[in-house]
file coords_19.tsv (TSV, C-alpha atoms)
chain	number	residue	atom	x	y	z
A	1	MET	CA	211.73	126.00	75.11
A	2	ALA	CA	208.41	124.18	75.57
A	3	GLU	CA	205.14	125.40	74.11
A	4	GLU	CA	203.73	126.25	77.52
A	5	ASP	CA	206.57	128.74	78.06
A	6	ILE	CA	205.47	130.99	75.16
A	7	THR	CA	201.97	132.31	74.54
A	8	LEU	CA	200.91	134.69	71.81
A	9	HIS	CA	197.65	136.46	72.55
A	10	TYR	CA	195.98	137.85	69.44
A	11	PHE	CA	192.71	137.90	67.56
A	12	ASP	CA	191.75	135.11	65.17
A	13	VAL	CA	192.91	137.12	62.16
A	14	HIS	CA	196.23	137.53	60.37
A	15	ALA	CA	196.99	141.28	60.40
A	16	LYS	CA	199.55	142.43	62.98
A	17	GLY	CA	200.04	139.10	64.73
A	18	GLU	CA	200.74	136.92	61.74
A	19	ALA	CA	204.38	137.85	61.15
A	20	ILE	CA	205.05	136.68	64.72
A	21	ARG	CA	203.27	133.39	64.07
A	22	ILE	CA	205.13	132.94	60.79
A	23	MET	CA	208.48	133.55	62.47
A	24	PHE	CA	207.81	130.93	65.14
A	25	HIS	CA	206.68	128.37	62.58
A	26	TYR	CA	209.56	129.18	60.24
A	27	ILE	CA	212.21	128.40	62.85
A	28	GLY	CA	210.18	125.61	64.45
A	29	VAL	CA	209.70	127.08	67.93
A	30	ALA	CA	206.59	125.74	69.67
A	31	PHE	CA	204.20	128.27	71.17
A	32	ASN	CA	200.64	128.52	72.44
A	33	ASP	CA	198.60	130.49	69.91
A	34	HIS	CA	195.80	131.97	72.03
A	35	LYS	CA	193.24	133.34	69.57
A	36	ILE	CA	190.86	135.78	71.21
A	37	ASP	CA	187.33	136.34	69.96
A	38	PHE	CA	186.43	139.98	69.47
A	39	ASP	CA	183.60	139.70	72.01
A	40	GLU	CA	186.15	138.46	74.56
A	41	TRP	CA	188.43	141.45	74.05
A	42	PRO	CA	186.80	143.88	76.54
A	43	ALA	CA	187.32	141.38	79.38
A	44	VAL	CA	190.88	140.58	78.29
A	45	LYS	CA	191.63	144.28	78.00
A	46	ALA	CA	190.28	144.93	81.48
A	47	SER	CA	192.31	142.04	82.92
A	48	GLY	CA	195.58	143.97	82.68
A	49	LEU	CA	197.21	141.43	80.37
A	50	CYS	CA	198.29	144.04	77.83
A	51	GLU	CA	200.33	146.97	79.09
A	52	PHE	CA	199.23	149.31	76.29
A	53	LYS	CA	195.66	147.91	76.08
A	54	GLN	CA	196.34	146.49	72.63
A	55	LEU	CA	197.01	143.13	71.04
A	56	PRO	CA	199.18	141.27	70.25
A	57	CYS	CA	200.76	140.44	73.57
A	58	LEU	CA	203.50	137.82	73.92
A	59	GLU	CA	204.23	136.04	77.18
A	60	ILE	CA	207.79	134.73	77.20
A	61	GLU	CA	210.38	134.13	79.91
A	62	GLY	CA	208.21	135.75	82.57
A	63	GLN	CA	207.66	138.91	80.52
A	64	LYS	CA	204.58	140.25	78.76
A	65	LEU	CA	205.69	141.99	75.58
A	66	VAL	CA	203.49	144.37	73.58
A	67	GLN	CA	203.49	146.15	70.21
A	68	SER	CA	203.72	143.82	67.22
A	69	ASN	CA	206.86	145.20	65.58
A	70	SER	CA	208.71	145.45	68.89
A	71	ILE	CA	207.76	141.86	69.71
A	72	LEU	CA	208.97	140.63	66.33
A	73	ARG	CA	212.21	142.62	66.63
A	74	TYR	CA	212.84	141.11	70.08
A	75	LEU	CA	212.23	137.59	68.78
A	76	CYS	CA	214.39	138.04	65.70
A	77	ARG	CA	217.26	139.26	67.85
A	78	LYS	CA	216.73	136.37	70.26
A	79	TYR	CA	216.64	133.73	67.51
A	80	ASP	CA	219.40	135.21	65.32
A	81	LEU	CA	217.22	136.62	62.56
A	82	TYR	CA	218.69	140.10	62.92
A	83	SER	CA	222.20	141.63	62.66
A	84	THR	CA	224.68	143.19	65.05
A	85	ASP	CA	226.12	145.22	62.16
A	86	ALA	CA	224.68	148.76	62.22
A	87	PHE	CA	224.31	149.11	58.45
A	88	LYS	CA	222.77	145.68	58.01
A	89	ALA	CA	220.37	146.49	60.84
A	90	TYR	CA	219.40	149.64	58.92
A	91	LEU	CA	218.82	147.57	55.77
A	92	ILE	CA	216.56	145.22	57.72
A	93	GLU	CA	214.62	148.02	59.39
A	94	SER	CA	214.12	150.07	56.21
A	95	VAL	CA	212.60	147.07	54.42
A	96	CYS	CA	210.33	146.46	57.41
A	97	ASP	CA	209.29	150.13	57.43
A	98	LEU	CA	208.29	149.96	53.77
A	99	LYS	CA	206.30	146.82	54.45
A	100	GLU	CA	204.56	148.63	57.32
A	101	ASP	CA	203.70	151.53	55.00
A	102	LEU	CA	202.12	149.07	52.57
A	103	TYR	CA	200.14	147.38	55.33
A	104	LYS	CA	198.79	150.67	56.70
A	105	SER	CA	197.78	151.87	53.24
A	106	LEU	CA	195.94	148.65	52.48
A	107	TYR	CA	194.29	148.41	55.89
A	108	LYS	CA	192.91	151.96	55.64
A	109	TYR	CA	190.89	151.00	52.57
A	110	PHE	CA	189.74	147.80	54.23
A	111	ALA	CA	188.71	149.54	57.46
A	112	ASP	CA	186.82	152.24	55.54
A	113	LYS	CA	185.26	149.61	53.28
A	114	ASP	CA	186.52	151.68	50.38
A	115	PHE	CA	186.93	148.80	47.96
A	116	GLU	CA	186.98	151.02	44.89
A	117	GLY	CA	189.84	153.00	46.44
A	118	MET	CA	191.58	149.73	47.29
A	119	ASP	CA	191.31	148.53	43.70
A	120	ASN	CA	192.79	151.80	42.46
A	121	TRP	CA	195.62	151.59	44.99
A	122	VAL	CA	196.37	148.00	44.01
A	123	SER	CA	196.50	148.82	40.30
A	124	GLU	CA	198.25	152.20	40.47
A	125	THR	CA	200.40	152.42	43.62
A	126	LEU	CA	201.12	148.89	44.78
A	127	PRO	CA	203.13	147.91	41.66
A	128	GLN	CA	205.51	150.82	42.23
A	129	LYS	CA	206.05	149.85	45.86
A	130	LEU	CA	206.62	146.22	44.93
A	131	GLU	CA	209.27	147.29	42.44
A	132	LEU	CA	211.06	149.18	45.22
A	133	LEU	CA	211.12	146.04	47.36
A	134	GLU	CA	212.29	143.94	44.42
A	135	ASN	CA	215.11	146.39	43.69
A	136	ARG	CA	216.29	146.15	47.30
A	137	LEU	CA	216.20	142.35	47.11
A	138	LYS	CA	218.29	142.40	43.95
A	139	GLN	CA	220.89	144.69	45.54
A	140	ASN	CA	221.89	141.83	47.85
A	141	LYS	CA	223.66	140.02	45.02
A	142	ASP	CA	225.52	137.53	47.22
A	143	GLY	CA	222.67	137.01	49.64
A	144	LYS	CA	221.37	133.60	48.54
A	145	GLY	CA	218.01	135.14	47.69
A	146	TRP	CA	217.38	136.96	50.97
A	147	PHE	CA	217.09	140.67	51.63
A	148	VAL	CA	220.06	141.21	53.95
A	149	GLY	CA	223.19	139.09	54.27
A	150	GLU	CA	223.20	135.37	53.57
A	151	LYS	CA	220.44	134.21	55.91
A	152	VAL	CA	216.81	134.91	56.66
A	153	THR	CA	216.23	138.01	58.77
A	154	MET	CA	213.29	139.98	60.08
A	155	ALA	CA	213.11	141.74	56.70
A	156	ASP	CA	212.35	138.45	54.96
A	157	VAL	CA	209.75	137.49	57.55
A	158	GLN	CA	207.94	140.81	57.23
A	159	VAL	CA	207.95	140.94	53.44
A	160	PHE	CA	206.90	137.32	53.12
A	161	GLN	CA	203.97	137.82	55.50
A	162	PHE	CA	202.70	140.76	53.44
A	163	LEU	CA	203.14	139.03	50.10
A	164	TYR	CA	201.56	135.77	51.19
A	165	ASP	CA	198.67	137.05	53.27
A	166	TYR	CA	197.61	139.82	50.91
A	167	MET	CA	198.62	138.51	47.49
A	168	LEU	CA	199.43	134.78	47.42
A	169	SER	CA	197.24	132.98	49.95
A	170	PRO	CA	194.40	130.89	48.47
A	171	LEU	CA	191.82	133.65	49.02
A	172	LYS	CA	193.96	136.43	47.54
A	173	LYS	CA	195.82	134.64	44.77
A	174	PRO	CA	193.09	134.77	42.09
A	175	LYS	CA	192.77	138.55	42.37
A	176	PHE	CA	196.27	139.74	43.27
A	177	GLU	CA	198.89	137.25	42.06
A	178	HIS	CA	199.00	138.86	38.61
A	179	VAL	CA	200.05	142.18	40.18
A	180	LEU	CA	203.03	140.53	41.79
A	181	SER	CA	203.91	138.46	38.74
A	182	GLY	CA	203.77	141.50	36.47
A	183	SER	CA	205.45	144.07	38.72
A	184	ALA	CA	207.95	142.11	40.78
A	185	PRO	CA	208.43	138.48	39.69
A	186	SER	CA	211.56	138.17	41.83
A	187	LEU	CA	209.42	138.81	44.90
A	188	LYS	CA	207.12	135.97	43.92
A	189	GLU	CA	210.16	133.70	43.58
A	190	PHE	CA	211.35	134.94	46.96
A	191	ALA	CA	208.01	134.03	48.58
A	192	ASN	CA	208.14	130.53	47.14
A	193	ARG	CA	211.75	130.15	48.27
A	194	PHE	CA	210.84	131.27	51.78
A	195	ILE	CA	208.12	128.62	52.05
A	196	GLU	CA	210.29	125.87	50.62
A	197	SER	CA	213.12	126.65	53.06
A	198	SER	CA	211.04	125.67	56.09
A	199	GLU	CA	209.03	122.46	56.29
A	200	SER	CA	207.38	123.56	59.54
A	201	LEU	CA	206.20	126.82	57.94
A	202	ARG	CA	204.91	124.98	54.91
A	203	SER	CA	202.89	122.66	57.16
A	204	TYR	CA	201.46	125.62	59.04
A	205	LEU	CA	200.37	127.45	55.90
A	206	GLU	CA	198.78	124.30	54.50
A	207	SER	CA	196.77	123.74	57.68
A	208	ARG	CA	195.80	127.27	58.77
A	209	GLU	CA	192.44	128.83	57.99
A	210	ASP	CA	192.79	131.57	55.40
A	211	LYS	CA	191.43	135.02	56.31
A	212	ILE	CA	190.28	138.09	54.43
A	213	PHE	CA	192.55	140.21	56.64

call {"tool": "encode", "arguments": {"input": "coords_19.tsv", "output": "structure tokens"}}
result
Amino acid sequence: MAEEDITLHYFDVHAKGEAIRIMFHYIGVAFNDHKIDFDEWPAVKASGLCEFKQLPCLEIEGQKLVQSNSILRYLCRKYDLYSTDAFKAYLIESVCDLKEDLYKSLYKYFADKDFEGMDNWVSETLPQKLELLENRLKQNKDGKGWFVGEKVTMADVQVFQFLYDYMLSPLKKPKFEHVLSGSAPSLKEFANRFIESSESLRSYLESREDKIF
């Protein structure tokens, strides 16, 4: 599928659109990454592009898809990063739900500019949540280092995006890497493994502009 056949419309931030970008780059599918300035958003919103008046929006195969997690789920099913087995699908979804809980907790502090609260959350609550994710990863003993089964799934994409963007990217690493190393070293190894398993993703991460959020 050519780049012009797929367009992701999202703001020039990581946040809810970045897991979609990471998935495309991981599997090497070309797409048009339309980054919208915040001052452009009212006009885009009024244009009718987005059914629910929110971004991201993905144009693919004549459809305009909305809601970030639904878009990612659609793409992972389309590109075989999901499972047809009901229990494995549950395992994937439960990991993704925990990641979403972490994202919402962190974003609340950021949106409220409550940086003292964020620091307390990072030191007191985040390590416990990371241990839960690490325990789930370790339960997949024959999984070649992935969360579910023997191949990368949506669970791996979602967890990697959270770990990298909020703990391991160049801007975050000095402040947050020690939390990951101390609480869940297997997750840090997982993140490195995820990067090393895709040359196209590695190139993307090396070239993209890092963001605060």

call {"tool": "atom_distance", "arguments": {"input": "coords_19.tsv", "atom1": "atom CA of Glu177 of chain A", "atom2": "atom CA of Pro127 of chain A"}}
result
11.5 Å

call {"tool": "closest_residue", "arguments": {"input": "coords_19.tsv", "among": "A:Ala46, A:Asn32, A:Thr7, A:Ile22", "to": "Gly62 of chain A", "atoms": "only C-alpha atoms"}}
result
A:Thr7

call {"tool": "residues_near_point", "arguments": {"input": "coords_19.tsv", "point": "(204.4, 146.9, 52.0)", "cutoff": "10 Å", "atoms": "only C-alpha atoms", "output": "count of residues only"}}
result
24

call {"tool": "closest_residue", "arguments": {"input": "coords_19.tsv", "among": "A:Asp156, A:Glu18, A:Glu189, A:Asp210", "to": "Ile92 of chain A", "atoms": "all atoms listed in the file"}}
result
A:Asp156

call {"tool": "atom_distance", "arguments": {"input": "coords_19.tsv", "atom1": "atom CA of Ser183 of chain A", "atom2": "atom CA of Ile20 of chain A"}}
result
27.0 Å

call {"tool": "residues_around", "arguments": {"input": "coords_19.tsv", "residues": "Ser169 of chain A", "least_positions_apart": "5", "cutoff": "12 Å", "atoms": "only C-alpha atoms", "output": "list in words"}}
result
His14, Phe160, Gln161, Phe162, Leu163, Tyr164, Pro174, Lys175, Phe176, Glu177, Lys188, Ala191, Asn192, Ile195, Leu205, Glu206, Arg208, Glu209, Asp210, Lys211, Ile212 and Phe213 of chain A

call {"tool": "closest_residue", "arguments": {"input": "coords_19.tsv", "among": "A:Ala111, A:Leu171, A:Leu81, A:Val179", "to": "Lys151 of chain A", "atoms": "only C-alpha atoms"}}
result
A:Leu81

call {"tool": "build_atoms", "arguments": {"input": "coords_19.tsv", "residues": "segment 42-55 of chain A", "atoms": "N, CA, C and O atoms", "output": "PDB file, in the coordinates of the input"}}
result
ATOM      1  N   PRO A  42     186.979 142.939  75.417  1.00  0.00           N
ATOM      2  CA  PRO A  42     186.800 143.880  76.540  1.00  0.00           C
ATOM      3  C   PRO A  42     187.238 143.279  77.886  1.00  0.00           C
ATOM      4  O   PRO A  42     187.887 143.964  78.695  1.00  0.00           O
ATOM      5  N   ALA A  43     186.924 142.016  78.123  1.00  0.00           N
ATOM      6  CA  ALA A  43     187.320 141.380  79.380  1.00  0.00           C
ATOM      7  C   ALA A  43     188.818 141.174  79.443  1.00  0.00           C
ATOM      8  O   ALA A  43     189.450 141.382  80.489  1.00  0.00           O
ATOM      9  N   VAL A  44     189.430 140.757  78.330  1.00  0.00           N
ATOM     10  CA  VAL A  44     190.880 140.580  78.290  1.00  0.00           C
ATOM     11  C   VAL A  44     191.575 141.916  78.505  1.00  0.00           C
ATOM     12  O   VAL A  44     192.559 142.017  79.250  1.00  0.00           O
ATOM     13  N   LYS A  45     191.063 142.942  77.872  1.00  0.00           N
ATOM     14  CA  LYS A  45     191.630 144.280  78.000  1.00  0.00           C
ATOM     15  C   LYS A  45     191.581 144.767  79.438  1.00  0.00           C
ATOM     16  O   LYS A  45     192.538 145.340  79.967  1.00  0.00           O
ATOM     17  N   ALA A  46     190.455 144.496  80.093  1.00  0.00           N
ATOM     18  CA  ALA A  46     190.280 144.930  81.480  1.00  0.00           C
ATOM     19  C   ALA A  46     191.107 144.100  82.459  1.00  0.00           C
ATOM     20  O   ALA A  46     191.349 144.530  83.597  1.00  0.00           O
ATOM     21  N   SER A  47     191.578 142.939  82.031  1.00  0.00           N
ATOM     22  CA  SER A  47     192.310 142.040  82.920  1.00  0.00           C
ATOM     23  C   SER A  47     193.713 142.541  83.248  1.00  0.00           C
ATOM     24  O   SER A  47     194.353 142.048  84.178  1.00  0.00           O
ATOM     25  N   GLY A  48     194.221 143.479  82.458  1.00  0.00           N
ATOM     26  CA  GLY A  48     195.580 143.970  82.680  1.00  0.00           C
ATOM     27  C   GLY A  48     196.640 143.173  81.960  1.00  0.00           C
ATOM     28  O   GLY A  48     197.833 143.395  82.167  1.00  0.00           O
ATOM     29  N   LEU A  49     196.228 142.248  81.104  1.00  0.00           N
ATOM     30  CA  LEU A  49     197.210 141.430  80.370  1.00  0.00           C
ATOM     31  C   LEU A  49     198.131 142.286  79.516  1.00  0.00           C
ATOM     32  O   LEU A  49     199.341 142.072  79.500  1.00  0.00           O
ATOM     33  N   CYS A  50     197.549 143.268  78.823  1.00  0.00           N
ATOM     34  CA  CYS A  50     198.290 144.040  77.830  1.00  0.00           C
ATOM     35  C   CYS A  50     198.622 145.430  78.377  1.00  0.00           C
ATOM     36  O   CYS A  50     197.721 146.223  78.649  1.00  0.00           O
ATOM     37  N   GLU A  51     199.880 145.714  78.491  1.00  0.00           N
ATOM     38  CA  GLU A  51     200.330 146.970  79.090  1.00  0.00           C
ATOM     39  C   GLU A  51     199.757 148.193  78.375  1.00  0.00           C
ATOM     40  O   GLU A  51     199.345 149.161  79.017  1.00  0.00           O
ATOM     41  N   PHE A  52     199.711 148.162  77.054  1.00  0.00           N
ATOM     42  CA  PHE A  52     199.230 149.310  76.290  1.00  0.00           C
ATOM     43  C   PHE A  52     197.784 149.145  75.832  1.00  0.00           C
ATOM     44  O   PHE A  52     197.321 149.875  74.954  1.00  0.00           O
ATOM     45  N   LYS A  53     197.076 148.155  76.405  1.00  0.00           N
ATOM     46  CA  LYS A  53     195.660 147.910  76.080  1.00  0.00           C
ATOM     47  C   LYS A  53     195.452 147.585  74.607  1.00  0.00           C
ATOM     48  O   LYS A  53     194.445 147.941  73.998  1.00  0.00           O
ATOM     49  N   GLN A  54     196.422 146.898  74.028  1.00  0.00           N
ATOM     50  CA  GLN A  54     196.340 146.490  72.630  1.00  0.00           C
ATOM     51  C   GLN A  54     196.892 145.080  72.478  1.00  0.00           C
ATOM     52  O   GLN A  54     197.703 144.629  73.283  1.00  0.00           O
ATOM     53  N   LEU A  55     196.447 144.413  71.441  1.00  0.00           N
ATOM     54  CA  LEU A  55     197.010 143.130  71.040  1.00  0.00           C
ATOM     55  C   LEU A  55     197.800 143.328  69.752  1.00  0.00           C
ATOM     56  O   LEU A  55     197.508 144.247  69.001  1.00  0.00           O
TER      57      LEU A  55
END
